[in-house]
Each structure stands twice: as C-alpha cells, then as structure tokens.
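Student: Sending over my_file-v4.txt (compact mmCIF, C-alpha atoms).
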# COMPACT_ATOMS: atom_id res chain seq x y z
CA MET A 1 -2.30 -25.15 22.01
CA LEU A 2 -1.17 -26.62 18.71
CA LYS A 3 -2.42 -25.23 15.42
CA THR A 4 -1.32 -26.36 11.97
CA GLU A 5 -2.02 -24.66 8.65
CA LYS A 6 -1.18 -25.86 5.15
CA HIS A 7 -0.47 -23.24 2.48
CA VAL A 8 0.04 -23.66 -1.23
CA LEU A 9 2.23 -21.35 -3.32
CA LEU A 10 1.92 -21.08 -7.08
CA SER A 11 5.60 -20.97 -7.87
CA GLU A 12 7.53 -20.48 -11.07
CA GLY A 13 10.46 -22.35 -9.52
CA LYS A 14 14.03 -21.50 -10.57
CA PHE A 15 14.87 -19.88 -7.23
CA GLN A 16 11.63 -17.99 -6.75
CA VAL A 17 11.49 -16.62 -3.22
CA PHE A 18 8.35 -16.03 -1.16
CA ASN A 19 8.25 -13.96 2.00
CA VAL A 20 5.92 -15.81 4.38
CA THR A 21 6.68 -13.78 7.51
CA GLU A 22 3.27 -12.15 7.62
CA GLN A 23 1.52 -15.48 7.17
CA ALA A 24 3.47 -16.87 10.14
CA ARG A 25 2.66 -13.76 12.16
CA THR A 26 -1.02 -14.03 11.27
CA ALA A 27 -1.05 -17.72 12.26
CA VAL A 28 0.42 -16.85 15.68
CA ARG A 29 -2.14 -14.10 16.23
CA SER A 30 -5.08 -16.25 15.18
CA ALA A 31 -3.88 -19.05 17.47
CA GLY A 32 -3.97 -16.55 20.32
CA ILE A 33 -0.79 -17.77 21.99
CA GLN A 34 1.44 -15.43 23.96
CA GLU A 35 4.50 -17.63 24.37
CA GLY A 36 5.72 -20.58 22.33
CA SER A 37 7.10 -21.11 18.87
CA VAL A 38 6.14 -21.25 15.23
CA LEU A 39 7.51 -23.81 12.82
CA VAL A 40 7.57 -23.12 9.08
CA TYR A 41 8.16 -26.28 7.09
CA TYR A 42 8.55 -26.85 3.34
CA GLY A 43 6.92 -30.01 2.03
CA HIS A 44 9.25 -30.77 -0.89
CA THR A 45 12.86 -31.81 -1.50
CA THR A 46 13.76 -29.09 -4.02
CA GLY A 47 13.26 -26.02 -1.88
CA ALA A 48 13.95 -24.62 1.54
CA VAL A 49 12.78 -22.39 4.35
CA ILE A 50 15.35 -19.90 5.56
CA ILE A 51 15.62 -16.81 7.72
CA LEU A 52 17.28 -13.98 5.86
CA GLU A 53 16.98 -10.31 5.04
CA HIS A 54 14.57 -10.17 2.12
CA GLU A 55 16.75 -8.00 -0.08
CA ALA A 56 17.10 -8.40 -3.83
CA GLY A 57 20.90 -8.37 -3.84
CA ILE A 58 21.21 -10.96 -1.08
CA LEU A 59 18.91 -13.32 -2.99
CA VAL A 60 21.07 -13.09 -6.11
CA ASP A 61 24.23 -13.52 -4.02
CA LEU A 62 22.75 -16.62 -2.34
CA GLU A 63 21.67 -18.09 -5.66
CA ASP A 64 25.14 -17.46 -7.11
CA ALA A 65 26.88 -18.94 -4.06
CA LEU A 66 24.74 -22.07 -4.23
CA ALA A 67 25.38 -22.34 -7.97
CA GLN A 68 29.10 -22.51 -7.28
CA ILE A 69 28.57 -25.45 -4.95
CA ALA A 70 25.83 -27.17 -6.94
CA PRO A 71 25.66 -25.83 -10.50
CA VAL A 72 22.36 -26.40 -12.30
CA ALA A 73 24.16 -27.66 -15.41
CA CYS A 74 25.99 -30.66 -13.99
CA GLU A 75 25.81 -34.43 -14.43
CA TYR A 76 24.16 -35.45 -11.17
CA LYS A 77 23.77 -39.15 -10.40
CA HIS A 78 20.17 -38.35 -9.60
CA HIS A 79 19.60 -37.64 -13.30
CA LEU A 80 20.65 -41.16 -14.34
CA ARG A 81 17.23 -42.65 -13.73
CA GLY A 82 15.91 -40.24 -16.36
CA TRP A 83 12.86 -39.12 -14.43
CA ASP A 84 13.81 -35.51 -13.75
CA ALA A 85 16.82 -33.20 -13.88
CA ASN A 86 16.68 -31.28 -10.63
CA GLY A 87 19.82 -32.55 -8.91
CA ALA A 88 21.09 -29.09 -8.09
CA ALA A 89 17.80 -28.20 -6.40
CA HIS A 90 18.00 -31.31 -4.20
CA ILE A 91 21.55 -30.51 -3.10
CA CYS A 92 20.67 -26.89 -2.33
CA SER A 93 17.54 -27.97 -0.46
CA ALA A 94 19.60 -30.29 1.72
CA MET A 95 22.12 -27.55 2.45
CA LEU A 96 19.58 -24.84 3.31
CA GLY A 97 17.15 -27.01 5.24
CA SER A 98 13.43 -27.62 5.08
CA SER A 99 12.23 -25.73 8.14
CA VAL A 100 12.82 -22.93 10.59
CA THR A 101 11.47 -22.43 14.09
CA VAL A 102 10.94 -18.94 15.46
CA PRO A 103 10.24 -18.24 19.12
CA VAL A 104 7.07 -16.37 20.04
CA LEU A 105 6.77 -13.99 22.97
CA ASP A 106 4.00 -11.57 23.85
CA GLY A 107 2.00 -12.87 20.90
CA ASP A 108 4.55 -11.95 18.24
CA LEU A 109 7.51 -13.46 16.43
CA LEU A 110 10.88 -12.82 18.06
CA LEU A 111 12.56 -11.94 14.77
CA GLY A 112 15.36 -9.44 14.50
CA GLY A 113 14.81 -6.20 12.64
CA TYR A 114 15.99 -7.54 9.29
CA GLN A 115 15.08 -11.20 9.73
CA GLU A 116 12.28 -12.56 7.58
CA ILE A 117 11.01 -16.05 6.86
CA LEU A 118 11.54 -16.96 3.23
CA VAL A 119 10.46 -19.99 1.23
CA VAL A 120 12.83 -20.68 -1.65
CA ASP A 121 11.65 -22.86 -4.51
CA MET A 122 14.57 -24.19 -6.55
CA GLU A 123 12.61 -26.68 -8.68
CA PRO A 124 13.51 -26.07 -12.35
CA SER A 125 9.86 -25.75 -13.37
CA GLY A 126 6.80 -24.10 -11.91
CA LYS A 127 4.49 -26.18 -9.71
CA PRO A 128 2.18 -25.69 -6.73
CA ARG A 129 4.38 -25.90 -3.63
CA THR A 130 3.14 -26.67 -0.13
CA PHE A 131 4.44 -25.30 3.12
CA VAL A 132 3.17 -25.77 6.65
CA ILE A 133 2.93 -23.31 9.52
CA GLN A 134 2.60 -24.94 12.93
CA VAL A 135 2.07 -22.81 16.02
CA ALA A 136 2.70 -24.26 19.47
CA GLY A 137 2.38 -22.52 22.80
CA GLU A 138 -0.03 -21.07 25.29
CA MET B 1 27.29 13.79 -3.17
CA ALA B 2 24.23 13.30 -5.36
CA ASN B 3 22.65 9.86 -5.25
CA ARG B 4 23.25 7.94 -8.46
CA ILE B 5 19.65 6.66 -8.34
CA THR B 6 17.45 9.28 -9.95
CA ARG B 7 14.54 7.21 -11.18
CA LEU B 8 12.23 4.70 -9.53
CA VAL B 9 10.40 2.25 -11.77
CA PHE B 10 7.41 0.62 -10.09
CA TRP B 11 5.74 -2.59 -11.21
CA ALA B 12 1.95 -2.13 -11.07
CA GLY B 13 0.43 -5.43 -9.90
CA GLY B 14 1.53 -6.29 -6.38
CA VAL B 15 3.36 -3.00 -5.76
CA VAL B 16 1.21 0.00 -6.64
CA LEU B 17 -2.03 -1.97 -6.99
CA PRO B 18 -3.01 -5.40 -5.71
CA THR B 19 -2.18 -8.18 -8.14
CA LEU B 20 -4.89 -8.71 -10.72
CA PRO B 21 -5.49 -12.32 -9.57
CA GLU B 22 -5.92 -11.13 -5.96
CA VAL B 23 -8.38 -8.41 -6.82
CA THR B 24 -10.28 -10.61 -9.26
CA ALA B 25 -10.62 -13.36 -6.66
CA SER B 26 -11.94 -10.86 -4.13
CA PHE B 27 -14.74 -9.98 -6.54
CA LEU B 28 -15.53 -13.49 -7.77
CA ALA B 29 -15.22 -15.26 -4.44
CA PRO B 30 -15.89 -12.66 -1.75
CA GLY B 31 -15.37 -13.85 1.80
CA ARG B 32 -13.56 -17.06 0.98
CA PRO B 33 -10.06 -17.98 -0.21
CA ALA B 34 -9.81 -19.04 -3.84
CA THR B 35 -9.18 -22.74 -4.38
CA LEU B 36 -5.90 -23.91 -5.84
CA ALA B 37 -7.56 -24.56 -9.22
CA GLU B 38 -9.10 -21.08 -9.18
CA ARG B 39 -5.77 -19.49 -8.27
CA SER B 40 -4.01 -21.40 -11.06
CA GLY B 41 -6.65 -20.30 -13.54
CA LEU B 42 -6.36 -16.69 -12.42
CA GLN B 43 -2.59 -16.70 -12.62
CA GLU B 44 -2.59 -18.15 -16.15
CA ALA B 45 -5.27 -15.73 -17.31
CA ALA B 46 -3.48 -12.73 -15.80
CA HIS B 47 -0.25 -13.76 -17.50
CA ALA B 48 -1.96 -14.10 -20.88
CA LEU B 49 -3.51 -10.67 -20.38
CA ALA B 50 -0.29 -9.05 -19.20
CA ILE B 51 1.74 -10.20 -22.19
CA GLY B 52 -1.01 -9.23 -24.64
CA GLN B 53 -2.09 -12.72 -25.67
CA GLU B 54 -5.63 -11.96 -24.53
CA ASP B 55 -7.65 -8.78 -24.05
CA PRO B 56 -9.54 -7.69 -20.92
CA GLY B 57 -12.81 -9.17 -22.18
CA GLN B 58 -11.18 -12.53 -22.78
CA TYR B 59 -9.59 -12.34 -19.34
CA CYS B 60 -12.98 -11.80 -17.71
CA ARG B 61 -14.59 -14.62 -19.69
CA ARG B 62 -11.78 -16.97 -18.80
CA VAL B 63 -11.70 -16.25 -15.07
CA THR B 64 -15.45 -16.30 -14.57
CA GLY B 65 -15.33 -19.72 -16.21
CA ALA B 66 -12.52 -20.81 -13.89
CA PHE B 67 -14.68 -19.80 -10.91
CA GLY B 68 -17.64 -21.71 -12.32
CA VAL B 69 -19.74 -18.58 -12.71
CA PRO B 70 -22.46 -19.73 -15.12
CA GLY B 71 -23.65 -17.91 -18.20
CA ALA B 72 -21.96 -16.05 -21.02
CA THR B 73 -23.04 -12.65 -19.69
CA SER B 74 -21.42 -13.02 -16.27
CA PHE B 75 -18.06 -11.64 -17.38
CA LYS B 76 -19.42 -8.13 -18.00
CA PRO B 77 -20.01 -7.19 -14.34
CA LEU B 78 -16.45 -8.25 -13.57
CA TYR B 79 -15.10 -6.13 -16.42
CA GLU B 80 -16.95 -3.10 -15.09
CA THR B 81 -16.13 -3.83 -11.47
CA LEU B 82 -12.41 -3.98 -12.23
CA ALA B 83 -12.66 -0.60 -13.95
CA ALA B 84 -14.60 0.90 -11.07
CA SER B 85 -13.14 -0.65 -7.94
CA VAL B 86 -9.40 -1.32 -8.02
CA ASP B 87 -7.53 0.89 -5.55
CA ALA B 88 -3.87 1.38 -4.72
CA LEU B 89 -2.28 -0.70 -1.99
CA PRO B 90 -2.30 0.91 1.47
CA GLY B 91 0.25 3.66 1.94
CA MET B 92 1.42 3.67 -1.67
CA PRO B 93 -0.27 6.85 -2.95
CA ASP B 94 1.25 8.99 -0.20
CA LEU B 95 4.66 7.37 -0.55
CA ILE B 96 4.79 7.69 -4.36
CA ALA B 97 3.58 11.28 -4.26
CA GLU B 98 6.31 12.06 -1.72
CA LEU B 99 8.96 10.36 -3.83
CA ALA B 100 7.81 12.13 -6.99
CA LEU B 101 8.79 15.46 -5.41
CA THR B 102 12.50 14.61 -5.62
CA LEU B 103 12.83 11.64 -7.98
CA GLU B 104 11.51 10.57 -11.37
CA VAL B 105 8.88 7.87 -11.01
CA ARG B 106 7.74 5.55 -13.79
CA LEU B 107 5.23 2.72 -13.93
CA VAL B 108 5.40 -0.62 -15.76
CA SER B 109 1.94 -2.12 -15.91
CA ASP B 110 0.78 -5.69 -16.17
CA TYR B 111 -2.75 -4.24 -15.92
CA PRO B 112 -4.40 -3.04 -19.14
CA ALA B 113 -5.02 0.70 -19.43
CA ILE B 114 -8.78 0.24 -19.18
CA TRP B 115 -8.40 -0.84 -15.55
CA LEU B 116 -5.13 0.84 -14.64
CA LEU B 117 -5.93 4.46 -15.48
CA PRO B 118 -9.17 4.65 -13.44
CA ALA B 119 -7.38 2.98 -10.50
CA LEU B 120 -4.58 5.56 -10.63
CA ALA B 121 -7.11 8.40 -10.84
CA ARG B 122 -9.08 7.03 -7.88
CA SER B 123 -5.89 6.66 -5.85
CA GLY B 124 -4.66 10.18 -6.58
CA LEU B 125 -1.70 8.85 -8.57
CA ALA B 126 -2.65 10.05 -12.06
CA HIS B 127 -0.38 13.09 -11.75
CA CYS B 128 2.58 10.92 -10.71
CA PHE B 129 2.10 8.53 -13.62
CA PRO B 130 0.87 10.46 -16.68
CA PRO B 131 -0.46 8.07 -19.38
CA ALA B 132 2.42 8.87 -21.76
CA GLU B 133 4.94 7.73 -19.15
CA ILE B 134 3.35 4.36 -18.42
CA SER B 135 4.90 1.29 -20.07
CA TYR B 136 2.60 -1.68 -20.67
CA VAL B 137 3.96 -5.21 -20.51
CA ALA B 138 1.49 -6.15 -23.27
CA ASP B 139 3.19 -3.70 -25.64
CA LEU B 140 6.72 -4.83 -24.82
CA GLY B 141 6.49 -8.60 -24.32
CA GLY B 142 7.25 -10.64 -21.22
CA PHE B 143 10.36 -11.00 -19.10
CA PRO B 144 13.32 -11.03 -19.57
CA GLY B 145 12.90 -9.32 -22.96
CA LEU B 146 10.74 -6.70 -21.29
CA LEU B 147 13.66 -5.37 -19.29
CA ASP B 148 15.82 -5.10 -22.42
CA ALA B 149 13.00 -3.26 -24.17
CA LEU B 150 12.63 -0.85 -21.26
CA ILE B 151 16.38 -0.19 -21.24
CA ALA B 152 16.36 0.37 -25.02
CA ALA B 153 13.43 2.76 -24.66
CA GLY B 154 15.25 4.75 -21.98
CA VAL B 155 12.64 3.96 -19.34
CA VAL B 156 15.09 1.95 -17.27
CA LEU B 157 18.53 3.56 -16.97
CA PRO B 158 21.02 0.99 -15.62
CA GLY B 159 23.01 2.53 -12.79
CA HIS B 160 20.45 5.26 -12.22
CA THR B 161 17.18 3.32 -11.87
CA LEU B 162 15.81 1.38 -8.93
CA TRP B 163 13.41 -1.34 -10.10
CA ILE B 164 10.72 -1.90 -7.44
CA ASP B 165 8.88 -5.19 -7.73
CA ALA B 166 7.31 -7.86 -5.53
CA HIS B 167 8.35 -10.73 -7.81
CA SER B 168 11.81 -12.08 -6.93
CA PRO B 169 12.63 -13.59 -10.37
CA ARG B 170 12.22 -10.14 -11.92
CA THR B 171 14.31 -8.34 -9.29
CA SER B 172 17.04 -10.98 -9.73
CA GLU B 173 16.90 -10.58 -13.51
CA ALA B 174 17.14 -6.81 -13.14
CA LEU B 175 20.23 -7.11 -10.93
CA ARG B 176 21.87 -9.49 -13.38
CA LYS B 177 21.36 -6.87 -16.09
CA GLY B 178 22.98 -4.15 -14.00
CA VAL B 179 19.74 -2.56 -12.82
CA ASP B 180 19.41 -1.95 -9.08
CA ALA B 181 16.32 -3.56 -7.59
CA ASP B 182 14.26 -3.61 -4.44
CA ILE B 183 11.80 -6.29 -3.39
CA PHE B 184 8.46 -4.82 -2.43
CA VAL B 185 6.66 -6.18 0.61
CA ASP B 186 4.53 -3.24 1.70
CA ALA B 187 4.68 0.57 1.82
CA ARG B 188 6.22 0.64 5.28
CA ARG B 189 9.02 -1.74 4.27
CA LEU B 190 9.59 0.16 1.03
CA ARG B 191 9.96 3.40 2.96
CA ARG B 192 12.63 1.73 5.11
CA ASP B 193 14.38 0.27 2.08
CA LEU B 194 14.44 3.63 0.30
CA ALA B 195 15.93 5.18 3.41
CA LEU B 196 18.67 2.53 3.30
CA TRP B 197 19.23 3.57 -0.33
CA ARG B 198 19.47 7.16 1.04
CA LEU B 199 16.60 8.19 -1.19
CA MET B 200 14.42 9.43 1.67
CA PRO B 201 14.74 10.05 5.41
CA LEU B 202 14.66 7.10 7.79
CA PRO B 203 11.18 6.55 9.22
CA ALA B 204 10.75 7.58 12.85
Would you write the structure of this file as structure tokens?

Tutor:
Amino acid sequence: MLKTEKHVLLSEGKFQVFNVTEQARTAVRSAGIQEGSVLVYYGHTTGAVIILEHEAGILVDLEDALAQIAPVACEYKHHLRGWDANGAAHICSAMLGSSVTVPVLDGDLLLGGYQEILVVDMEPSGKPRTFVIQVAGE
Amino acid sequence: MANRITRLVFWAGGVVLPTLPEVTASFLAPGRPATLAERSGLQEAAHALAIGQEDPGQYCRRVTGAFGVPGATSFKPLYETLAASVDALPGMPDLIAELALTLEVRLVSDYPAIWLLPALARSGLAHCFPPAEISYVADLGGFPGLLDALIAAGVVLPGHTLWIDAHSPRTSEALRKGVDADIFVDARRLRRDLALWRLMPLPA
C-alpha cells in the first residue's frame, strides 16, 4: 500500500512552525496500514521538516541557534542575482533537511512521548507552502 | 515555594474556540475542505476583522463572496450562525474552569464580542472570562504592538504570566519580550504542558 497526500499551509513565513503530527497520524489511519512508515516531505527550499518537542522555548532557541550560523541580515551570494533575499532560509533549510520518516507499527506512529513532526517555514514573507505525507506499508 | 506563574492568558481563536476561518469554512462549505483560494480569503478577512479594519458584517460579506455564495443577502445567515453556533474546543471548558480555581485566567480575543460572548456563554466559560476582563485585538492593534499594549495595561505580567497560543510567531514574540509562553495543540497536550509548568497535577 502506498498513499500520498499533498497539503498546503498558509504560512506567514519568518520561522512559523506548524505541528503536522496529527495529519500524519490521520493519513496512516486512513491508509489502514499496520506496519510500515510515513514520510513527511517539504516541497520548498526555504523550510524544513523536523522531529522535535513542540515547545515554545525550544523553537526560539532553535531559531536563535540557526541565526548564529546563518544570520538573516547577511550578504549572501544568493542575493547577488537580485531576485530574492532569502539566503539565510536556504542555508537553514539545507541544514535541517526537507523530510522525516517515521516508522509505523500497530497502525500508529512510533514517536517518542515528546517527539512531534514540525514543518518550519523560514521564507521571509508569507506564501502558501506545500508539504507531502506519503504512507507506505501493509 | 509558590509558582511564579499566577496568570494564564489564553488566545481565543485556535485555543479556546476554533479559529474563525475554520468555523466559517465549516458553515460555508459543509462536508468539504475549503479550497486554497477560499482559505486565503478567509485568513485575510479574519485578520482584517481581528485588527479592527473591518466589522463583523463586512467580514461576512467578504467571506461569502470568497466562497462564491451569490446575492447580497447571503451574509446575514452567516452572521447569525456565527453568533448562535460557535462552541469551545473539546476539553477546554473543563480545563479552564479547573485552572480558574487556582490561577487568574484572562482572554485575548481575535473574535468580535458579538460572536465571542455567546460562544463563551454556551460553553460555560462566561464566569471564567467576565466581559470586563476580555481584551480585544481590535481595540489594541495587531502583533507585536498588541503584546506591549497588554503589558502596559497590566493584562500580561512578564515573569508571572503564561501566554497560551496556537500561533508560533506570537509565542516566540512573547518569549522575546520576557513573557513565558506555551504552544497550544489541544486540551490534552495543554494539560500535560501545565503539569510540566507545575501548575496542575500530571495527568494519569
């Protein structure tokens, strides 16, 4: 069984975080699989999908840590073409990664007690953002 | 030792009540998901309403138009339905009532009073959030100025207030201004989070 869903988030950008754990869980249940995996994939280069505790302080700490590595206000080579100014978001996206895979057993996600699936949009402006949930298993 | 957090400030839409776009879509497009264009229209209209740029009647006119509902009179049923049908999110009335026994609870509303107050009464929350203790975003302006205004008004007490909100940019802004914050997911998760803050017992 392979089932793929596309979802669109209306994001404000600037490190807005969306908890998509329940959507992944719902996709697994509607697919009816007992054992397999679920992939959550972000369809853009200025955001990420991560597994983290969805806690307000951790999100600020993560944003601050990333800003030390890739500050928003910086002269990125990417900005030279003059099309956009989201170099920091691209660097952070590359560091965090565009997808996560979570194992499924007994029809549910094998997440730890504090693990949640978060989509992080680091684009400097708000846009619709697409992510994909793909369930595989039997 | 007494907990330094003595006051919980709840955001209305998405924490105590469903978000206004969600509940509006459920009335205008029952049984189907709203399209991306409809969702965008709802989000823009709800923002304009929340910050006081438009009134509830204008909101209803705008969103019925975004959903392609024909006719100038079609907004009125929505206006009345929102006043008569919005209910608290599952588990929230019991949880807030329990919290109000030992902590101060306050509400910051992106809903207008005309829809908020009946929803609180229907949900049994009117006694937890008396009208005089509700702060309306429309009266105070949008974020981040809203948080400053709430601090200046003594509604939010940095160091003693936990800001409870489903919107991560606002919780991050609160933390950066020295206000503790919790991201709302659902009542069960909030109960767990408040236990981790030692504001209530751990759930069984």

Student: Env of Leu42 in chain B: 8 Å cut, atoms = all atoms listed in the file, seq-sep filter 4 positions within chain, self excluded. Answer as a ChimeraX atom specification.

Tutor: /B:21,24-25,38,46,63,66

Student: Restricting the calculation to all atoms listed in the file: of B:Leu150, B:Val15, B:Leu82, B:Ala34, which residue gets closest to chain A?

Tutor: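 Selected residue with least distance to chain A: B:Ala34.
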
Student: Hey, which of A:Arg25, A:His7, A:His90, A:His79 ends up closest to chain B? Count all atoms listed in the file.

Tutor: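 The closest residue to chain B is A:His7.
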
Student: How would you write as an MDAnalysis selection string the residues that get within 9 Å of (12.4, -14.7, -4.0) in the file's frame, counting only C-alpha atoms?

Tutor: (chainID A and resid 15:19 54:56 59 118:121) or (chainID B and resid 166:169 171:172 183)

Student: For the residues in that selection, give me C-alpha atoms as a short mmCIF file (atom, residue, chain, number, x, y, z; two decimals), keeping the file's coordinate frame.

Tutor:
data_model
loop_
_atom_site.label_atom_id
_atom_site.label_comp_id
_atom_site.auth_asym_id
_atom_site.auth_seq_id
_atom_site.Cartn_x
_atom_site.Cartn_y
_atom_site.Cartn_z
CA PHE A 15 14.87 -19.88 -7.23
CA GLN A 16 11.63 -17.99 -6.75
CA VAL A 17 11.49 -16.62 -3.22
CA PHE A 18 8.35 -16.03 -1.16
CA ASN A 19 8.25 -13.96 2.00
CA HIS A 54 14.57 -10.17 2.12
CA GLU A 55 16.75 -8.00 -0.08
CA ALA A 56 17.10 -8.40 -3.83
CA LEU A 59 18.91 -13.32 -2.99
CA LEU A 118 11.54 -16.96 3.23
CA VAL A 119 10.46 -19.99 1.23
CA VAL A 120 12.83 -20.68 -1.65
CA ASP A 121 11.65 -22.86 -4.51
CA ALA B 166 7.31 -7.86 -5.53
CA HIS B 167 8.35 -10.73 -7.81
CA SER B 168 11.81 -12.08 -6.93
CA PRO B 169 12.63 -13.59 -10.37
CA THR B 171 14.31 -8.34 -9.29
CA SER B 172 17.04 -10.98 -9.73
CA ILE B 183 11.80 -6.29 -3.39
#

Student: Distance CA of Gln43 in chain B-CA of Leu96 in chain A, one decimal place?

Tutor: 28.5 Å

Student: Because some atoms of range 75-99 of chain B are absent here, can you restore N, CA and C atoms and send them as an mmCIF file, in the frame of the given file?

Tutor:
data_model
loop_
_atom_site.group_PDB
_atom_site.id
_atom_site.type_symbol
_atom_site.label_atom_id
_atom_site.label_comp_id
_atom_site.auth_asym_id
_atom_site.auth_seq_id
_atom_site.Cartn_x
_atom_site.Cartn_y
_atom_site.Cartn_z
ATOM 1 N N PHE B 75 -19.366 -12.292 -17.387
ATOM 2 C CA PHE B 75 -18.060 -11.640 -17.380
ATOM 3 C C PHE B 75 -18.191 -10.133 -17.354
ATOM 4 N N LYS B 76 -19.316 -9.583 -17.853
ATOM 5 C CA LYS B 76 -19.420 -8.130 -18.000
ATOM 6 C C LYS B 76 -19.396 -7.388 -16.657
ATOM 7 N N PRO B 77 -20.124 -7.872 -15.645
ATOM 8 C CA PRO B 77 -20.010 -7.190 -14.340
ATOM 9 C C PRO B 77 -18.578 -7.169 -13.821
ATOM 10 N N LEU B 78 -17.838 -8.231 -14.028
ATOM 11 C CA LEU B 78 -16.450 -8.250 -13.570
ATOM 12 C C LEU B 78 -15.635 -7.187 -14.301
ATOM 13 N N TYR B 79 -15.812 -7.110 -15.593
ATOM 14 C CA TYR B 79 -15.100 -6.130 -16.420
ATOM 15 C C TYR B 79 -15.345 -4.715 -15.874
ATOM 16 N N GLU B 80 -16.598 -4.441 -15.585
ATOM 17 C CA GLU B 80 -16.950 -3.100 -15.090
ATOM 18 C C GLU B 80 -16.475 -2.896 -13.649
ATOM 19 N N THR B 81 -16.573 -3.953 -12.862
ATOM 20 C CA THR B 81 -16.130 -3.830 -11.470
ATOM 21 C C THR B 81 -14.632 -3.550 -11.390
ATOM 22 N N LEU B 82 -13.857 -4.215 -12.239
ATOM 23 C CA LEU B 82 -12.410 -3.980 -12.230
ATOM 24 C C LEU B 82 -12.086 -2.549 -12.645
ATOM 25 N N ALA B 83 -12.888 -1.993 -13.537
ATOM 26 C CA ALA B 83 -12.660 -0.600 -13.950
ATOM 27 C C ALA B 83 -13.089 0.382 -12.862
ATOM 28 N N ALA B 84 -14.013 -0.044 -12.029
ATOM 29 C CA ALA B 84 -14.600 0.900 -11.070
ATOM 30 C C ALA B 84 -14.110 0.731 -9.644
ATOM 31 N N SER B 85 -13.378 -0.338 -9.361
ATOM 32 C CA SER B 85 -13.140 -0.650 -7.940
ATOM 33 C C SER B 85 -11.703 -0.855 -7.513
ATOM 34 N N VAL B 86 -10.771 -1.019 -8.453
ATOM 35 C CA VAL B 86 -9.400 -1.320 -8.020
ATOM 36 C C VAL B 86 -8.762 -0.068 -7.421
ATOM 37 N N ASP B 87 -8.183 -0.228 -6.242
ATOM 38 C CA ASP B 87 -7.530 0.890 -5.550
ATOM 39 C C ASP B 87 -6.071 0.555 -5.273
ATOM 40 N N ALA B 88 -5.285 1.584 -5.040
ATOM 41 C CA ALA B 88 -3.870 1.380 -4.720
ATOM 42 C C ALA B 88 -3.719 0.629 -3.403
ATOM 43 N N LEU B 89 -2.581 -0.019 -3.250
ATOM 44 C CA LEU B 89 -2.280 -0.700 -1.990
ATOM 45 C C LEU B 89 -2.079 0.336 -0.873
ATOM 46 N N PRO B 90 -2.380 -0.053 0.366
ATOM 47 C CA PRO B 90 -2.300 0.910 1.470
ATOM 48 C C PRO B 90 -0.934 1.581 1.567
ATOM 49 N N GLY B 91 -0.971 2.889 1.733
ATOM 50 C CA GLY B 91 0.250 3.660 1.940
ATOM 51 C C GLY B 91 0.991 4.040 0.679
ATOM 52 N N MET B 92 0.650 3.418 -0.452
ATOM 53 C CA MET B 92 1.420 3.670 -1.670
ATOM 54 C C MET B 92 1.158 5.042 -2.289
ATOM 55 N N PRO B 93 -0.082 5.522 -2.340
ATOM 56 C CA PRO B 93 -0.270 6.850 -2.950
ATOM 57 C C PRO B 93 0.540 7.937 -2.252
ATOM 58 N N ASP B 94 0.500 7.960 -0.941
ATOM 59 C CA ASP B 94 1.250 8.990 -0.200
ATOM 60 C C ASP B 94 2.753 8.836 -0.434
ATOM 61 N N LEU B 95 3.219 7.607 -0.396
ATOM 62 C CA LEU B 95 4.660 7.370 -0.550
ATOM 63 C C LEU B 95 5.124 7.767 -1.958
ATOM 64 N N ILE B 96 4.378 7.370 -2.979
ATOM 65 C CA ILE B 96 4.790 7.690 -4.360
ATOM 66 C C ILE B 96 4.728 9.197 -4.593
ATOM 67 N N ALA B 97 3.682 9.819 -4.090
ATOM 68 C CA ALA B 97 3.580 11.280 -4.260
ATOM 69 C C ALA B 97 4.762 11.977 -3.592
ATOM 70 N N GLU B 98 5.164 11.483 -2.421
ATOM 71 C CA GLU B 98 6.310 12.060 -1.720
ATOM 72 C C GLU B 98 7.595 11.855 -2.519
ATOM 73 N N LEU B 99 7.756 10.662 -3.056
ATOM 74 C CA LEU B 99 8.960 10.360 -3.830
ATOM 75 C C LEU B 99 9.019 11.185 -5.114
#
